[in-house]
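Engineer: As input, take coords30.cif (mmCIF, C-alpha atoms):
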```cif
data_work
loop_
_atom_site.label_atom_id
_atom_site.label_comp_id
_atom_site.auth_asym_id
_atom_site.auth_seq_id
_atom_site.Cartn_x
_atom_site.Cartn_y
_atom_site.Cartn_z
CA MET A 1 -38.50 -2.16 10.64
CA GLU A 2 -38.58 0.85 12.95
CA LYS A 3 -35.85 -0.62 15.09
CA LYS A 4 -33.59 -1.13 12.11
CA GLU A 5 -33.96 2.49 11.07
CA GLU A 6 -33.00 3.60 14.55
CA ILE A 7 -29.83 1.54 14.45
CA VAL A 8 -28.86 3.04 11.09
CA LYS A 9 -29.35 6.53 12.50
CA ASP A 10 -27.13 5.74 15.50
CA GLU A 11 -24.34 4.52 13.23
CA ALA A 12 -24.60 7.63 11.12
CA VAL A 13 -23.99 9.85 14.16
CA ALA A 14 -20.91 8.02 15.44
CA SER A 15 -17.48 9.05 14.22
CA ARG A 16 -15.59 6.94 11.73
CA VAL A 17 -11.96 6.31 10.89
CA TYR A 18 -10.82 7.80 7.58
CA GLU A 19 -7.56 7.94 5.72
CA LEU A 20 -6.38 10.78 3.54
CA GLY A 21 -3.73 9.91 0.95
CA TYR A 22 -2.37 12.87 -0.96
CA LEU A 23 0.09 13.83 -3.68
CA LEU A 24 1.74 17.21 -3.21
CA VAL A 25 3.29 19.12 -6.12
CA PRO A 26 7.03 18.40 -6.51
CA THR A 27 7.83 22.14 -6.58
CA ILE A 28 7.52 22.17 -2.78
CA THR A 29 10.99 21.91 -1.24
CA GLU A 30 11.97 19.59 1.61
CA GLU A 31 12.09 22.54 4.06
CA THR A 32 8.56 23.76 3.33
CA LEU A 33 7.09 20.25 3.19
CA GLY A 34 6.56 20.24 6.96
CA ALA A 35 4.54 23.46 6.79
CA GLU A 36 2.30 22.01 4.06
CA VAL A 37 1.65 18.88 6.12
CA ASN A 38 0.82 21.04 9.14
CA LYS A 39 -1.64 22.96 6.97
CA LEU A 40 -3.45 19.72 6.09
CA LYS A 41 -3.36 18.61 9.73
CA SER A 42 -4.90 21.90 10.87
CA MET A 43 -7.67 21.46 8.26
CA ILE A 44 -8.51 18.07 9.81
CA ASP A 45 -8.34 19.54 13.31
CA ALA A 46 -10.68 22.37 12.24
CA VAL A 47 -13.47 19.89 11.41
CA GLY A 48 -12.96 18.07 14.73
CA GLY A 49 -10.74 15.23 13.53
CA ILE A 50 -8.70 13.14 15.98
CA HIS A 51 -5.27 12.14 14.67
CA ILE A 52 -4.48 8.39 14.66
CA ALA A 53 -1.46 7.79 12.43
CA ASP A 54 0.39 9.36 9.52
CA GLU A 55 3.38 9.10 7.25
CA PHE A 56 5.46 12.10 6.22
CA PRO A 57 5.39 12.77 2.44
CA LYS A 58 8.10 11.13 0.36
CA ASN A 59 9.11 12.07 -3.15
CA ILE A 60 8.06 9.25 -5.50
CA PRO A 61 8.09 8.83 -9.27
CA LEU A 62 4.50 8.54 -10.50
CA ALA A 63 3.46 5.46 -12.49
CA TYR A 64 2.03 7.79 -15.15
CA ASP A 65 2.02 11.54 -15.79
CA MET A 66 -0.72 13.55 -14.08
CA GLN A 67 -2.17 16.88 -15.10
CA LYS A 68 -3.58 19.63 -12.94
CA VAL A 69 -4.78 23.12 -13.83
CA ILE A 70 -2.79 25.67 -11.84
CA ASN A 71 -3.39 29.36 -12.59
CA ASN A 72 -5.39 28.46 -15.73
CA LYS A 73 -2.48 26.43 -17.02
CA ASN A 74 -2.22 22.71 -17.53
CA GLU A 75 0.75 21.50 -15.49
CA THR A 76 2.10 17.97 -16.01
CA PHE A 77 3.77 16.09 -13.16
CA SER A 78 5.86 12.92 -13.38
CA GLN A 79 6.77 12.86 -9.68
CA ALA A 80 5.16 13.99 -6.44
CA HIS A 81 5.39 13.91 -2.65
CA PHE A 82 3.15 11.09 -1.45
CA GLY A 83 1.97 11.01 2.17
CA TRP A 84 -1.04 9.88 4.18
CA MET A 85 -2.75 10.45 7.50
CA LYS A 86 -5.36 8.49 9.39
CA PHE A 87 -7.90 10.23 11.60
CA GLU A 88 -11.28 9.85 13.26
CA VAL A 89 -14.08 12.25 12.37
CA SER A 90 -17.85 12.32 11.91
CA PRO A 91 -19.21 11.48 8.42
CA GLU A 92 -20.81 14.94 8.12
CA ALA A 93 -17.52 16.70 8.83
CA VAL A 94 -15.64 14.60 6.29
CA ILE A 95 -17.83 15.99 3.47
CA LYS A 96 -16.88 19.50 4.60
CA LEU A 97 -13.21 18.46 4.71
CA LYS A 98 -13.40 17.06 1.17
CA SER A 99 -14.77 20.32 -0.26
CA GLU A 100 -11.97 22.22 1.48
CA LEU A 101 -9.29 19.86 0.18
CA ASP A 102 -10.61 20.33 -3.36
CA ARG A 103 -9.54 23.96 -3.14
CA VAL A 104 -5.92 23.30 -2.02
CA THR A 105 -3.71 24.12 -5.01
CA GLU A 106 -0.65 22.25 -3.66
CA ILE A 107 -2.45 18.89 -3.84
CA ILE A 108 -2.33 17.17 -7.24
CA ARG A 109 -4.71 14.43 -6.13
CA PHE A 110 -6.07 13.09 -2.89
CA LEU A 111 -7.89 9.93 -1.82
CA LEU A 112 -10.25 10.05 1.15
CA ILE A 113 -11.28 6.54 2.19
CA LYS A 114 -13.02 4.79 5.06
CA THR A 115 -10.62 2.48 6.91
CA VAL A 116 -9.97 0.80 10.26
CA ARG A 117 -8.04 1.97 13.31
CA GLU A 118 -5.50 -0.88 13.20
CA ASN A 119 -2.40 -0.74 11.05
CA THR A 120 -3.33 -2.15 7.63
CA LEU A 121 0.20 -2.13 6.18
CA ALA A 122 1.52 -5.68 5.91
CA SER A 123 4.66 -5.09 3.84
CA ARG A 124 6.97 -4.96 6.86
CA ARG A 125 6.37 -8.65 7.42
CA THR A 126 8.38 -11.16 5.44
CA PHE A 127 6.80 -12.98 2.54
CA SER A 128 8.06 -15.75 0.37
CA PRO A 129 8.85 -14.21 -3.03
CA ARG A 130 6.39 -15.25 -5.72
CA GLY A 131 5.17 -14.33 -9.18
CA GLU A 132 7.04 -12.14 -11.65
CA TYR A 133 9.19 -10.59 -8.92
CA ALA A 134 10.40 -13.92 -7.57
CA LYS A 135 14.06 -14.74 -8.13
CA ARG A 136 14.57 -18.30 -9.22
CA LYS A 137 17.71 -20.25 -8.57
CA SER A 138 18.95 -22.09 -11.61
CA PRO A 139 19.14 -25.87 -11.03
CA GLN A 140 22.94 -25.84 -11.42
CA THR A 141 23.62 -23.23 -8.75
CA ALA A 142 21.13 -24.87 -6.41
CA ALA A 143 22.88 -28.24 -6.79
CA GLU A 144 26.34 -26.70 -6.24
CA SER A 145 25.33 -24.83 -3.13
CA SER A 146 23.74 -27.90 -1.52
CA GLU A 147 26.41 -30.48 -2.43
CA ALA A 148 29.64 -28.51 -2.08
CA PRO A 149 29.63 -28.05 1.73
CA VAL A 150 28.81 -31.75 2.28
CA GLU A 151 31.95 -32.83 0.41
CA ILE A 152 34.16 -30.45 2.39
CA ASN A 153 32.67 -31.73 5.61
CA LYS A 154 33.45 -35.34 4.73
CA GLU A 155 37.10 -34.57 4.07
CA GLU A 156 37.42 -32.58 7.25
CA VAL A 157 35.80 -35.35 9.28
CA ASP A 158 38.14 -37.93 7.71
CA LYS A 159 41.17 -35.80 8.52
CA LYS A 160 40.05 -35.26 12.09
CA ILE A 161 39.45 -38.98 12.59
CA ASP A 162 42.95 -39.70 11.24
CA GLU A 163 44.45 -37.14 13.60
CA MET A 164 42.59 -38.57 16.58
CA ALA A 165 43.62 -42.11 15.62
CA ALA A 166 47.28 -41.00 15.33
CA ALA A 167 47.13 -39.33 18.75
CA VAL A 168 45.83 -42.54 20.40
CA MET B 1 -5.88 -26.52 -4.27
CA LYS B 2 -4.09 -23.20 -3.91
CA GLN B 3 -4.10 -21.50 -0.51
CA ASP B 4 -5.43 -17.97 -0.14
CA PHE B 5 -2.38 -15.68 0.20
CA PHE B 6 -4.12 -13.19 2.48
CA SER B 7 -5.57 -15.79 4.85
CA SER B 8 -2.28 -17.66 5.13
CA ASN B 9 -0.36 -14.43 5.87
CA ASN B 10 -3.06 -13.23 8.28
CA ILE B 11 -3.87 -10.06 6.30
CA LYS B 12 -7.36 -8.87 7.18
CA HIS B 13 -7.34 -5.53 5.39
CA ILE B 14 -5.70 -5.07 2.01
CA ASP B 15 -4.06 -1.63 1.89
CA TYR B 16 -3.61 0.27 -1.39
CA LYS B 17 -0.15 1.42 -0.17
CA ASP B 18 1.11 -2.17 0.15
CA LEU B 19 2.74 -2.24 -3.27
CA ASP B 20 4.87 -5.33 -2.59
CA VAL B 21 1.72 -7.32 -1.92
CA LEU B 22 -0.34 -5.83 -4.76
CA LYS B 23 2.41 -6.40 -7.34
CA LYS B 24 2.20 -10.14 -6.74
CA PHE B 25 -1.27 -10.08 -8.27
CA LEU B 26 -0.47 -8.11 -11.43
CA ASN B 27 0.61 -9.63 -14.72
CA PRO B 28 3.39 -8.02 -16.86
CA ASN B 29 0.77 -5.77 -18.49
CA ALA B 30 -0.14 -4.54 -14.98
CA ARG B 31 -3.59 -6.11 -15.23
CA ILE B 32 -5.17 -7.72 -12.18
CA VAL B 33 -4.78 -11.51 -12.24
CA GLY B 34 -8.11 -13.34 -12.02
CA LYS B 35 -9.17 -15.29 -8.96
CA LYS B 36 -8.93 -18.57 -10.88
CA ARG B 37 -5.17 -18.07 -11.09
CA THR B 38 -4.53 -16.30 -7.79
CA GLY B 39 -6.48 -18.78 -5.65
CA VAL B 40 -7.63 -15.87 -3.47
CA THR B 41 -11.08 -16.08 -1.87
CA ALA B 42 -13.88 -14.11 -3.55
CA LYS B 43 -14.05 -11.64 -0.65
CA ASN B 44 -10.32 -10.97 -0.67
CA GLN B 45 -10.24 -10.77 -4.46
CA ARG B 46 -12.81 -7.94 -4.32
CA GLN B 47 -10.73 -6.15 -1.66
CA LEU B 48 -7.60 -6.71 -3.75
CA ALA B 49 -9.22 -5.26 -6.89
CA LEU B 50 -10.34 -2.19 -4.95
CA ALA B 51 -6.84 -1.71 -3.48
CA VAL B 52 -5.19 -1.99 -6.91
CA LYS B 53 -7.63 0.56 -8.37
CA ARG B 54 -6.92 2.98 -5.51
CA ALA B 55 -3.17 2.55 -5.98
CA ARG B 56 -3.59 3.24 -9.71
CA TYR B 57 -5.53 6.43 -9.03
CA MET B 58 -2.77 7.67 -6.72
CA GLY B 59 -0.09 6.94 -9.32
CA LEU B 60 1.53 4.20 -7.25
CA LEU B 61 0.74 1.52 -9.85
CA PRO B 62 0.31 1.95 -13.61
CA TYR B 63 -2.99 1.45 -15.41
CA ILE B 64 -1.11 -0.20 -18.28
CA ALA B 65 2.48 -1.39 -18.71
CA ARG B 66 4.21 -3.06 -21.58
#
```
Please re-express this file's structure in structure tokens.

Structural biologist:
Amino acid sequence: MEKKEEIVKDEAVASRVYELGYLLVPTITEETLGAEVNKLKSMIDAVGGIHIADEFPKNIPLAYDMQKVINNKNETFSQAHFGWMKFEVSPEAVIKLKSELDRVTEIIRFLLIKTVRENTLASRRTFSPRGEYAKRKSPQTAAESSEAPVEINKEEVDKKIDEMAAAV
Amino acid sequence: MKQDFFSSNNIKHIDYKDLDVLKKFLNPNARIVGKKRTGVTAKNQRQLALAVKRARYMGLLPYIAR
């Protein structure tokens, strides 16, 4: 039992890989977006975080409207700049980082999760389309596309054979 | 028997930002399709559910859709 406790303590001390996903208010312009991202990066650096990967925020339409109190006023947002960054930091420091991020007024929402160092995005690979987003070929068009070239080929082959026979 | 999508595509970690993948497992009401229908292993189905819920929180996927 004592040994197990020791192992748990060792794991707690080691640094972990985290990912911060965030939604920035859409009132931020493209020019000042870089400065906002740098502000977040410096917050991570301040708690001793080591940068691994990130994606620059992109303006996206939100799946549903979100509300946030800014200057004692309920603001509703239907779009936001979504970006993320992956970094390595100790579990104690990440709690400090979370409390600091709570105070940033430019962030509508953020998601701080434990993740792995490797790239977890799989969408760049090719998948066979399936489900409701799959495009089905109607049986007629499928039959036309498969049969039509065969017929043309036969005629061409016949013509070529005739030509060759005439030449001999 | 249906093959597990994530095992066959060699996906070890299901990311909440992978909307193309997550959308395959939502029905037209944007509800998560059960593991009986998806054929995904229990472990991956739990990861999938967590990823969908994270994507919903970040406004990438809807909670409900008509």

Engineer: Can you tell me, as a ChimeraX atom specification, what residues are no more than 12 Å from Lys36 in chain B when counting all atoms listed in the file, ignoring any on the same chain fewer than 4 positions away?

Structural biologist: /B:1-4,25,32,40-42,45

Engineer: Pull C-alpha atoms from the residues just selected and write them as an mmCIF file, in the frame of the given file.

Structural biologist:
```
data_model
loop_
_atom_site.group_PDB
_atom_site.id
_atom_site.type_symbol
_atom_site.label_atom_id
_atom_site.label_comp_id
_atom_site.auth_asym_id
_atom_site.auth_seq_id
_atom_site.Cartn_x
_atom_site.Cartn_y
_atom_site.Cartn_z
ATOM 1 C CA MET B 1 -5.880 -26.520 -4.270
ATOM 2 C CA LYS B 2 -4.090 -23.200 -3.910
ATOM 3 C CA GLN B 3 -4.100 -21.500 -0.510
ATOM 4 C CA ASP B 4 -5.430 -17.970 -0.140
ATOM 5 C CA PHE B 25 -1.270 -10.080 -8.270
ATOM 6 C CA ILE B 32 -5.170 -7.720 -12.180
ATOM 7 C CA VAL B 40 -7.630 -15.870 -3.470
ATOM 8 C CA THR B 41 -11.080 -16.080 -1.870
ATOM 9 C CA ALA B 42 -13.880 -14.110 -3.550
ATOM 10 C CA GLN B 45 -10.240 -10.770 -4.460
#
```

Engineer: Considering all atoms listed in the file, can you say which of A:Thr105, A:Glu100, A:Glu55, A:Pro91 comes closest to Ile70 in chain A?

Structural biologist: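 Answer, going by the shortest atom-to-atom distance: A:Thr105.
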
Engineer: Could you pull the residues within 12 Å of Leu26 in chain B, counting only C-alpha atoms, minus those fewer than 2 positions along the same chain, as JSON, numbers by chain?

Structural biologist: {"A": [130, 131, 132, 133], "B": [19, 20, 21, 22, 23, 24, 28, 29, 30, 31, 32, 33, 34, 35, 37, 38, 48, 49, 52, 53, 56, 61, 62, 63, 64, 65]}

Engineer: Those same residues, written as a compact mmCIF listing (two decimals), in the coordinates of the input with C-alpha atoms?

Structural biologist:
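Contents of the output file result_4.txt:
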```txt
# COMPACT_ATOMS: atom_id res chain seq x y z
CA ARG A 130 6.39 -15.25 -5.72
CA GLY A 131 5.17 -14.33 -9.18
CA GLU A 132 7.04 -12.14 -11.65
CA TYR A 133 9.19 -10.59 -8.92
CA LEU B 19 2.74 -2.24 -3.27
CA ASP B 20 4.87 -5.33 -2.59
CA VAL B 21 1.72 -7.32 -1.92
CA LEU B 22 -0.34 -5.83 -4.76
CA LYS B 23 2.41 -6.40 -7.34
CA LYS B 24 2.20 -10.14 -6.74
CA PRO B 28 3.39 -8.02 -16.86
CA ASN B 29 0.77 -5.77 -18.49
CA ALA B 30 -0.14 -4.54 -14.98
CA ARG B 31 -3.59 -6.11 -15.23
CA ILE B 32 -5.17 -7.72 -12.18
CA VAL B 33 -4.78 -11.51 -12.24
CA GLY B 34 -8.11 -13.34 -12.02
CA LYS B 35 -9.17 -15.29 -8.96
CA ARG B 37 -5.17 -18.07 -11.09
CA THR B 38 -4.53 -16.30 -7.79
CA LEU B 48 -7.60 -6.71 -3.75
CA ALA B 49 -9.22 -5.26 -6.89
CA VAL B 52 -5.19 -1.99 -6.91
CA LYS B 53 -7.63 0.56 -8.37
CA ARG B 56 -3.59 3.24 -9.71
CA LEU B 61 0.74 1.52 -9.85
CA PRO B 62 0.31 1.95 -13.61
CA TYR B 63 -2.99 1.45 -15.41
CA ILE B 64 -1.11 -0.20 -18.28
CA ALA B 65 2.48 -1.39 -18.71
```

Engineer: Report as a list in words all protein, DNA and RNA residues lying within 8 Å of Ala53 in chain A, evaluated on only C-alpha atoms, omitting residues in the same chain fewer than 2 positions from it.

Structural biologist: His51, Glu55, Met85, Lys86 and Phe87 of chain A

Engineer: How about saving the chosen residues, C-alpha atoms kept, as an mmCIF file, in the coordinates of the input?

Structural biologist:
```
data_model
loop_
_atom_site.group_PDB
_atom_site.id
_atom_site.type_symbol
_atom_site.label_atom_id
_atom_site.label_comp_id
_atom_site.auth_asym_id
_atom_site.auth_seq_id
_atom_site.Cartn_x
_atom_site.Cartn_y
_atom_site.Cartn_z
ATOM 1 C CA HIS A 51 -5.270 12.140 14.670
ATOM 2 C CA GLU A 55 3.380 9.100 7.250
ATOM 3 C CA MET A 85 -2.750 10.450 7.500
ATOM 4 C CA LYS A 86 -5.360 8.490 9.390
ATOM 5 C CA PHE A 87 -7.900 10.230 11.600
#
```

Engineer: What do you get, as a PyMOL selection string, if you spell out every residue that the PyMOL selection byres ((chain B and resi 11-17) around 6) selects here?

Structural biologist: (chain A and resi 120) or (chain B and resi 6+9-10+18-19+51+54-55)

Engineer: Fewer than 3 positions away in the same chain doesn't count, so skip those; otherwise give me all residues within 12 Å of Lys39 in chain A, counting only C-alpha atoms, as a short mmCIF file (atom, residue, chain, number, x, y, z; two decimals) with C-alpha atoms, in the frame of the given file.

Structural biologist:
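Wrote it out as around_8.cif, contents follow:
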```
data_model
loop_
_atom_site.label_atom_id
_atom_site.label_comp_id
_atom_site.auth_asym_id
_atom_site.auth_seq_id
_atom_site.Cartn_x
_atom_site.Cartn_y
_atom_site.Cartn_z
CA THR A 32 8.56 23.76 3.33
CA LEU A 33 7.09 20.25 3.19
CA GLY A 34 6.56 20.24 6.96
CA ALA A 35 4.54 23.46 6.79
CA GLU A 36 2.30 22.01 4.06
CA SER A 42 -4.90 21.90 10.87
CA MET A 43 -7.67 21.46 8.26
CA ILE A 44 -8.51 18.07 9.81
CA ASP A 45 -8.34 19.54 13.31
CA ALA A 46 -10.68 22.37 12.24
CA GLU A 100 -11.97 22.22 1.48
CA LEU A 101 -9.29 19.86 0.18
CA VAL A 104 -5.92 23.30 -2.02
CA GLU A 106 -0.65 22.25 -3.66
CA ILE A 107 -2.45 18.89 -3.84
#
```

Engineer: With the PyMOL selection byres ((chain A and resi 65) around 6) as the selection, what would be picked from this file? Answer as an mmCIF file with C-alpha atoms, in the frame of the given file, please.

Structural biologist:
```
data_model
loop_
_atom_site.group_PDB
_atom_site.id
_atom_site.type_symbol
_atom_site.label_atom_id
_atom_site.label_comp_id
_atom_site.auth_asym_id
_atom_site.auth_seq_id
_atom_site.Cartn_x
_atom_site.Cartn_y
_atom_site.Cartn_z
ATOM 1 C CA TYR A 64 2.030 7.790 -15.150
ATOM 2 C CA MET A 66 -0.720 13.550 -14.080
ATOM 3 C CA PHE A 77 3.770 16.090 -13.160
ATOM 4 C CA SER A 78 5.860 12.920 -13.380
#
```

Engineer: For each of B:Ser7, B:Arg66, B:Gly39, B:Tyr57, take the minimum atom-to-atom distance to chain A, counting only C-alpha atoms, then give the residue where this is smallest.

Structural biologist: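 Closest residue, counting only C-alpha atoms: B:Tyr57.
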
Engineer: Could you tell me which of A:Thr27, A:Asn74, A:Asn59, A:Ser15 comes closest to chain B if we count all atoms listed in the file?

Structural biologist: A:Asn59

Engineer: When you draw a straight line from CA of Asn119 in chain A to CA of Leu97 in chain A, how long is it in Å?

Structural biologist: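 Spanning CA of Asn119 in chain A to CA of Leu97 in chain A is a straight-line distance of 22.9 Å.
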
Engineer: Here is a test: counting all atoms listed in the file, which residue of A:Glu88, A:Glu31, A:Glu118, A:Glu155 is nearest to chain B?

Structural biologist: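 Checking each candidate against chain B, we get A:Glu118 as the closest.
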
Engineer: Please indicate the distance in Å from CA of Tyr18 in chain A to CA of Leu50 in chain B, rounded to one decimal place.

Structural biologist: 16.0 Å

Engineer: Can you list what the PyMOL selection byres ((chain A and resi 61) around 8) grabs from this structure, as an mmCIF file with C-alpha atoms, in the coordinates of the input?

Structural biologist:
```cif
data_model
loop_
_atom_site.group_PDB
_atom_site.id
_atom_site.type_symbol
_atom_site.label_atom_id
_atom_site.label_comp_id
_atom_site.auth_asym_id
_atom_site.auth_seq_id
_atom_site.Cartn_x
_atom_site.Cartn_y
_atom_site.Cartn_z
ATOM 1 C CA ASN A 59 9.110 12.070 -3.150
ATOM 2 C CA ILE A 60 8.060 9.250 -5.500
ATOM 3 C CA LEU A 62 4.500 8.540 -10.500
ATOM 4 C CA ALA A 63 3.460 5.460 -12.490
ATOM 5 C CA SER A 78 5.860 12.920 -13.380
ATOM 6 C CA GLN A 79 6.770 12.860 -9.680
ATOM 7 C CA ALA A 80 5.160 13.990 -6.440
#
```

Engineer: Please reconstruct the missing atoms of range 39-58 of chain B (target: N, CA, C and O atoms) and return them as a PDB file, in the coordinates of the input.

Structural biologist:
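Output contents, as saved in selection-v5.pdb:
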```pdb
ATOM      1  N   GLY B  39      -6.037 -17.907  -6.727  1.00  0.00           N
ATOM      2  CA  GLY B  39      -6.480 -18.780  -5.650  1.00  0.00           C
ATOM      3  C   GLY B  39      -6.937 -18.027  -4.418  1.00  0.00           C
ATOM      4  O   GLY B  39      -7.080 -18.585  -3.345  1.00  0.00           O
ATOM      5  N   VAL B  40      -7.196 -16.725  -4.582  1.00  0.00           N
ATOM      6  CA  VAL B  40      -7.630 -15.870  -3.470  1.00  0.00           C
ATOM      7  C   VAL B  40      -9.144 -16.030  -3.317  1.00  0.00           C
ATOM      8  O   VAL B  40      -9.855 -16.230  -4.313  1.00  0.00           O
ATOM      9  N   THR B  41      -9.640 -15.956  -2.093  1.00  0.00           N
ATOM     10  CA  THR B  41     -11.080 -16.080  -1.870  1.00  0.00           C
ATOM     11  C   THR B  41     -11.813 -14.909  -2.539  1.00  0.00           C
ATOM     12  O   THR B  41     -11.230 -13.851  -2.754  1.00  0.00           O
ATOM     13  N   ALA B  42     -13.102 -15.125  -2.839  1.00  0.00           N
ATOM     14  CA  ALA B  42     -13.880 -14.110  -3.550  1.00  0.00           C
ATOM     15  C   ALA B  42     -13.883 -12.776  -2.795  1.00  0.00           C
ATOM     16  O   ALA B  42     -13.731 -11.712  -3.385  1.00  0.00           O
ATOM     17  N   LYS B  43     -14.003 -12.854  -1.478  1.00  0.00           N
ATOM     18  CA  LYS B  43     -14.050 -11.640  -0.650  1.00  0.00           C
ATOM     19  C   LYS B  43     -12.726 -10.876  -0.750  1.00  0.00           C
ATOM     20  O   LYS B  43     -12.715  -9.656  -0.957  1.00  0.00           O
ATOM     21  N   ASN B  44     -11.631 -11.621  -0.603  1.00  0.00           N
ATOM     22  CA  ASN B  44     -10.320 -10.970  -0.670  1.00  0.00           C
ATOM     23  C   ASN B  44     -10.000 -10.483  -2.068  1.00  0.00           C
ATOM     24  O   ASN B  44      -9.307  -9.477  -2.237  1.00  0.00           O
ATOM     25  N   GLN B  45     -10.490 -11.204  -3.090  1.00  0.00           N
ATOM     26  CA  GLN B  45     -10.240 -10.770  -4.460  1.00  0.00           C
ATOM     27  C   GLN B  45     -10.931  -9.429  -4.725  1.00  0.00           C
ATOM     28  O   GLN B  45     -10.375  -8.572  -5.407  1.00  0.00           O
ATOM     29  N   ARG B  46     -12.109  -9.230  -4.166  1.00  0.00           N
ATOM     30  CA  ARG B  46     -12.810  -7.940  -4.320  1.00  0.00           C
ATOM     31  C   ARG B  46     -12.040  -6.832  -3.620  1.00  0.00           C
ATOM     32  O   ARG B  46     -11.878  -5.735  -4.149  1.00  0.00           O
ATOM     33  N   GLN B  47     -11.540  -7.137  -2.403  1.00  0.00           N
ATOM     34  CA  GLN B  47     -10.730  -6.150  -1.660  1.00  0.00           C
ATOM     35  C   GLN B  47      -9.450  -5.822  -2.418  1.00  0.00           C
ATOM     36  O   GLN B  47      -9.018  -4.679  -2.457  1.00  0.00           O
ATOM     37  N   LEU B  48      -8.850  -6.867  -2.999  1.00  0.00           N
ATOM     38  CA  LEU B  48      -7.600  -6.710  -3.750  1.00  0.00           C
ATOM     39  C   LEU B  48      -7.823  -5.810  -4.963  1.00  0.00           C
ATOM     40  O   LEU B  48      -7.042  -4.887  -5.219  1.00  0.00           O
ATOM     41  N   ALA B  49      -8.926  -6.060  -5.701  1.00  0.00           N
ATOM     42  CA  ALA B  49      -9.220  -5.260  -6.890  1.00  0.00           C
ATOM     43  C   ALA B  49      -9.415  -3.796  -6.528  1.00  0.00           C
ATOM     44  O   ALA B  49      -8.909  -2.901  -7.212  1.00  0.00           O
ATOM     45  N   LEU B  50     -10.103  -3.562  -5.399  1.00  0.00           N
ATOM     46  CA  LEU B  50     -10.340  -2.190  -4.950  1.00  0.00           C
ATOM     47  C   LEU B  50      -9.009  -1.517  -4.584  1.00  0.00           C
ATOM     48  O   LEU B  50      -8.773  -0.356  -4.944  1.00  0.00           O
ATOM     49  N   ALA B  51      -8.134  -2.259  -3.900  1.00  0.00           N
ATOM     50  CA  ALA B  51      -6.840  -1.710  -3.480  1.00  0.00           C
ATOM     51  C   ALA B  51      -5.980  -1.368  -4.690  1.00  0.00           C
ATOM     52  O   ALA B  51      -5.326  -0.318  -4.721  1.00  0.00           O
ATOM     53  N   VAL B  52      -5.989  -2.244  -5.696  1.00  0.00           N
ATOM     54  CA  VAL B  52      -5.190  -1.990  -6.910  1.00  0.00           C
ATOM     55  C   VAL B  52      -5.713  -0.738  -7.612  1.00  0.00           C
ATOM     56  O   VAL B  52      -4.938   0.115  -8.055  1.00  0.00           O
ATOM     57  N   LYS B  53      -7.038  -0.599  -7.683  1.00  0.00           N
ATOM     58  CA  LYS B  53      -7.630   0.560  -8.370  1.00  0.00           C
ATOM     59  C   LYS B  53      -7.325   1.855  -7.624  1.00  0.00           C
ATOM     60  O   LYS B  53      -7.099   2.895  -8.244  1.00  0.00           O
ATOM     61  N   ARG B  54      -7.286   1.793  -6.300  1.00  0.00           N
ATOM     62  CA  ARG B  54      -6.920   2.980  -5.510  1.00  0.00           C
ATOM     63  C   ARG B  54      -5.454   3.338  -5.738  1.00  0.00           C
ATOM     64  O   ARG B  54      -5.112   4.512  -5.881  1.00  0.00           O
ATOM     65  N   ALA B  55      -4.602   2.321  -5.769  1.00  0.00           N
ATOM     66  CA  ALA B  55      -3.170   2.550  -5.980  1.00  0.00           C
ATOM     67  C   ALA B  55      -2.929   3.141  -7.373  1.00  0.00           C
ATOM     68  O   ALA B  55      -2.064   3.998  -7.554  1.00  0.00           O
ATOM     69  N   ARG B  56      -3.722   2.694  -8.355  1.00  0.00           N
ATOM     70  CA  ARG B  56      -3.590   3.240  -9.710  1.00  0.00           C
ATOM     71  C   ARG B  56      -3.978   4.710  -9.738  1.00  0.00           C
ATOM     72  O   ARG B  56      -3.290   5.519 -10.355  1.00  0.00           O
ATOM     73  N   TYR B  57      -5.060   5.046  -9.055  1.00  0.00           N
ATOM     74  CA  TYR B  57      -5.530   6.430  -9.030  1.00  0.00           C
ATOM     75  C   TYR B  57      -4.469   7.344  -8.421  1.00  0.00           C
ATOM     76  O   TYR B  57      -4.262   8.462  -8.889  1.00  0.00           O
ATOM     77  N   MET B  58      -3.786   6.854  -7.387  1.00  0.00           N
ATOM     78  CA  MET B  58      -2.770   7.670  -6.720  1.00  0.00           C
ATOM     79  C   MET B  58      -1.414   7.620  -7.423  1.00  0.00           C
ATOM     80  O   MET B  58      -0.428   8.123  -6.897  1.00  0.00           O
TER      81      MET B  58
END
```
